[in-house]
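Here is the structure we will look at.
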Amino acid sequence: MPAYLIVIRNEPVRDEAEMAEYQRQTRLIPPSVPIRPKVVYGALTPVEGTPPDAVVMVEFDTVSDAQAWYGSPGYQDAVAHRLNAADYTSFIVEGL
């Protein structure tokens with residue numbers, strides 16, 4: 001069953017250098033599981049509530065794959081820079 005890592009940026013980026021470092025590091029991480037980007041900073045159309053600043057959604061084959069990728073040492077090194085760059089909410093959700 002597919003799983004999705006959804007990353008919501010709640011505010012504009014406050015530290016461009018940290019974001020640039022996050023992006024640089026994530027490009028260098030060899031994928032250990034299949035990863036399929038579905039949404040990467042697409043245009044938002046608000047319909048209810050306050051819209052986030054940006055959204056990323058990545059598909060994995062399973063929740064276990066998503067957890068393994070997110071928890072990998074390479075991604076954990078990179079994610080610290082993203083979290084220094086702006087306020088985020090992230091979660092993994094099981095798909096259909």
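Within each chain, counting starts at residue 1; across the structure tokens, chains are named A, B, ... in the order shown, with ligands numbered 1 upward in that order.
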Please identify all polymer residues within 12 Å of Glu16 of chain A, counting only C-alpha atoms, omitting same-chain residues fewer than 5 positions from it, and present them as a tab-separated table (two decimals) with C-alpha atoms, in the first residue's frame.
chain	number	residue	atom	x	y	z
A	21	GLU	CA	22.13	23.79	2.10
A	22	TYR	CA	19.14	21.49	2.67
A	23	GLN	CA	18.47	21.35	-1.07
A	81	HIS	CA	18.88	22.74	7.68
A	82	ARG	CA	15.27	22.74	6.44
A	83	LEU	CA	14.01	23.11	9.99
A	84	ASN	CA	16.38	26.04	10.53
A	85	ALA	CA	15.12	27.66	7.32
A	86	ALA	CA	11.40	27.86	8.19
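DSSP annotation of chain A from backbone atoms: strand (DSSP E or B) residues are A:Ala3, A:Tyr4, A:Leu5, A:Ile6, A:Val7, A:Ile8, A:Arg9, A:Arg36, A:Pro37, A:Lys38, A:Val39, A:Val40, A:Ala54, A:Val55, A:Val56, A:Met57, A:Val58, A:Glu59, A:Phe60, A:Tyr88, A:Thr89, A:Ser90, A:Phe91, A:Ile92, A:Val93, A:Glu94.
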Restricted to N, CA and C atoms, what would the selected residues look like written as a short mmCIF file (atom, residue, chain, number, x, y, z; two decimals), in the first residue's frame?
data_model
loop_
_atom_site.label_atom_id
_atom_site.label_comp_id
_atom_site.auth_asym_id
_atom_site.auth_seq_id
_atom_site.Cartn_x
_atom_site.Cartn_y
_atom_site.Cartn_z
N ALA A 3 2.44 5.02 0.52
CA ALA A 3 2.48 5.97 1.63
C ALA A 3 3.01 7.28 1.11
N TYR A 4 2.60 8.35 1.74
CA TYR A 4 2.99 9.69 1.30
C TYR A 4 3.62 10.45 2.45
N LEU A 5 4.77 11.02 2.17
CA LEU A 5 5.39 11.97 3.09
C LEU A 5 4.91 13.34 2.65
N ILE A 6 4.22 14.04 3.51
CA ILE A 6 3.71 15.37 3.22
C ILE A 6 4.44 16.36 4.11
N VAL A 7 5.02 17.34 3.47
CA VAL A 7 5.78 18.38 4.17
C VAL A 7 5.11 19.71 3.88
N ILE A 8 4.66 20.38 4.93
CA ILE A 8 3.96 21.65 4.81
C ILE A 8 4.84 22.75 5.39
N ARG A 9 5.15 23.74 4.56
CA ARG A 9 5.89 24.91 5.07
C ARG A 9 4.85 25.91 5.53
N ARG A 36 8.84 8.82 -5.37
CA ARG A 36 8.16 9.45 -6.50
C ARG A 36 7.57 10.80 -6.06
N PRO A 37 8.21 11.90 -6.43
CA PRO A 37 7.64 13.21 -6.10
C PRO A 37 6.28 13.38 -6.78
N LYS A 38 5.31 13.85 -6.04
CA LYS A 38 3.96 14.08 -6.56
C LYS A 38 3.60 15.56 -6.57
N VAL A 39 4.05 16.29 -5.55
CA VAL A 39 3.79 17.73 -5.45
C VAL A 39 5.07 18.37 -4.92
N VAL A 40 5.56 19.37 -5.62
CA VAL A 40 6.77 20.08 -5.17
C VAL A 40 6.53 21.57 -5.37
N ALA A 54 3.81 26.56 1.47
CA ALA A 54 4.21 25.63 0.42
C ALA A 54 3.95 24.20 0.88
N VAL A 55 3.84 23.29 -0.11
CA VAL A 55 3.58 21.88 0.17
C VAL A 55 4.47 21.01 -0.74
N VAL A 56 5.00 19.93 -0.15
CA VAL A 56 5.70 18.90 -0.91
C VAL A 56 5.06 17.57 -0.51
N MET A 57 4.79 16.71 -1.51
CA MET A 57 4.25 15.38 -1.25
C MET A 57 5.05 14.38 -2.08
N VAL A 58 5.58 13.37 -1.39
CA VAL A 58 6.42 12.36 -2.03
C VAL A 58 5.80 10.99 -1.75
N GLU A 59 5.69 10.17 -2.78
CA GLU A 59 5.11 8.83 -2.64
C GLU A 59 6.20 7.78 -2.45
N PHE A 60 5.92 6.84 -1.54
CA PHE A 60 6.77 5.69 -1.29
C PHE A 60 5.92 4.43 -1.46
N TYR A 88 7.92 24.14 9.74
CA TYR A 88 7.32 23.07 8.95
C TYR A 88 6.47 22.14 9.81
N THR A 89 5.51 21.50 9.16
CA THR A 89 4.77 20.38 9.69
C THR A 89 4.95 19.25 8.68
N SER A 90 5.35 18.07 9.15
CA SER A 90 5.56 16.94 8.25
C SER A 90 4.91 15.70 8.84
N PHE A 91 4.43 14.82 7.96
CA PHE A 91 3.85 13.56 8.41
C PHE A 91 3.83 12.57 7.27
N ILE A 92 3.70 11.30 7.64
CA ILE A 92 3.56 10.22 6.69
C ILE A 92 2.13 9.71 6.81
N VAL A 93 1.46 9.54 5.67
CA VAL A 93 0.09 9.05 5.67
C VAL A 93 -0.01 7.87 4.71
N GLU A 94 -0.74 6.85 5.14
CA GLU A 94 -0.95 5.67 4.30
C GLU A 94 -1.98 5.99 3.23
#
Open item on the list: Just want the 9 Å neighbourhood of segment 29-34 of chain A, counted on only C-alpha atoms, with same-chain residues fewer than 2 positions away dropped. Output as a PyMOL selection string.
Closed with: chain A and resi 25-27+36+59-61+65-66+68-69+74-75
Okay, now the selection with C-alpha atoms, as a short mmCIF file (atom, residue, chain, number, x, y, z; two decimals), in the first residue's frame?
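The result, written out as result06.cif:
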data_model
loop_
_atom_site.label_atom_id
_atom_site.label_comp_id
_atom_site.auth_asym_id
_atom_site.auth_seq_id
_atom_site.Cartn_x
_atom_site.Cartn_y
_atom_site.Cartn_z
CA GLN A 25 22.36 17.87 0.65
CA THR A 26 19.12 16.18 -0.41
CA ARG A 27 20.31 16.05 -4.02
CA ARG A 36 8.16 9.45 -6.50
CA GLU A 59 5.11 8.83 -2.64
CA PHE A 60 6.77 5.69 -1.29
CA ASP A 61 5.80 2.03 -1.78
CA ASP A 65 9.91 2.73 3.20
CA ALA A 66 8.86 6.31 3.99
CA ALA A 68 13.25 4.36 6.61
CA TRP A 69 14.02 7.14 4.12
CA GLY A 74 21.69 11.26 5.21
CA TYR A 75 18.23 12.78 5.35
#
Open item on the list: Using Å and a single decimal, report how far atom CA of Asn10 of chain A sits from atom CA of Thr50 of chain A.
Closed with: 9.6 Å
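Taking atom CA of Pro2 of chain A and atom CA of Gly95 of chain A as the two end points, the separation is 5.1 Å.
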TODO: Give the helix (DSSP H, G or I) residues of chain A, as DSSP finds them on the backbone, and put them as a PyMOL selection string.
DONE: chain A and resi 16-28+63-70+73-85
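Of note, atom CA of Gln76 of chain A and atom CA of Asp53 of chain A are spaced 22.6 Å apart.
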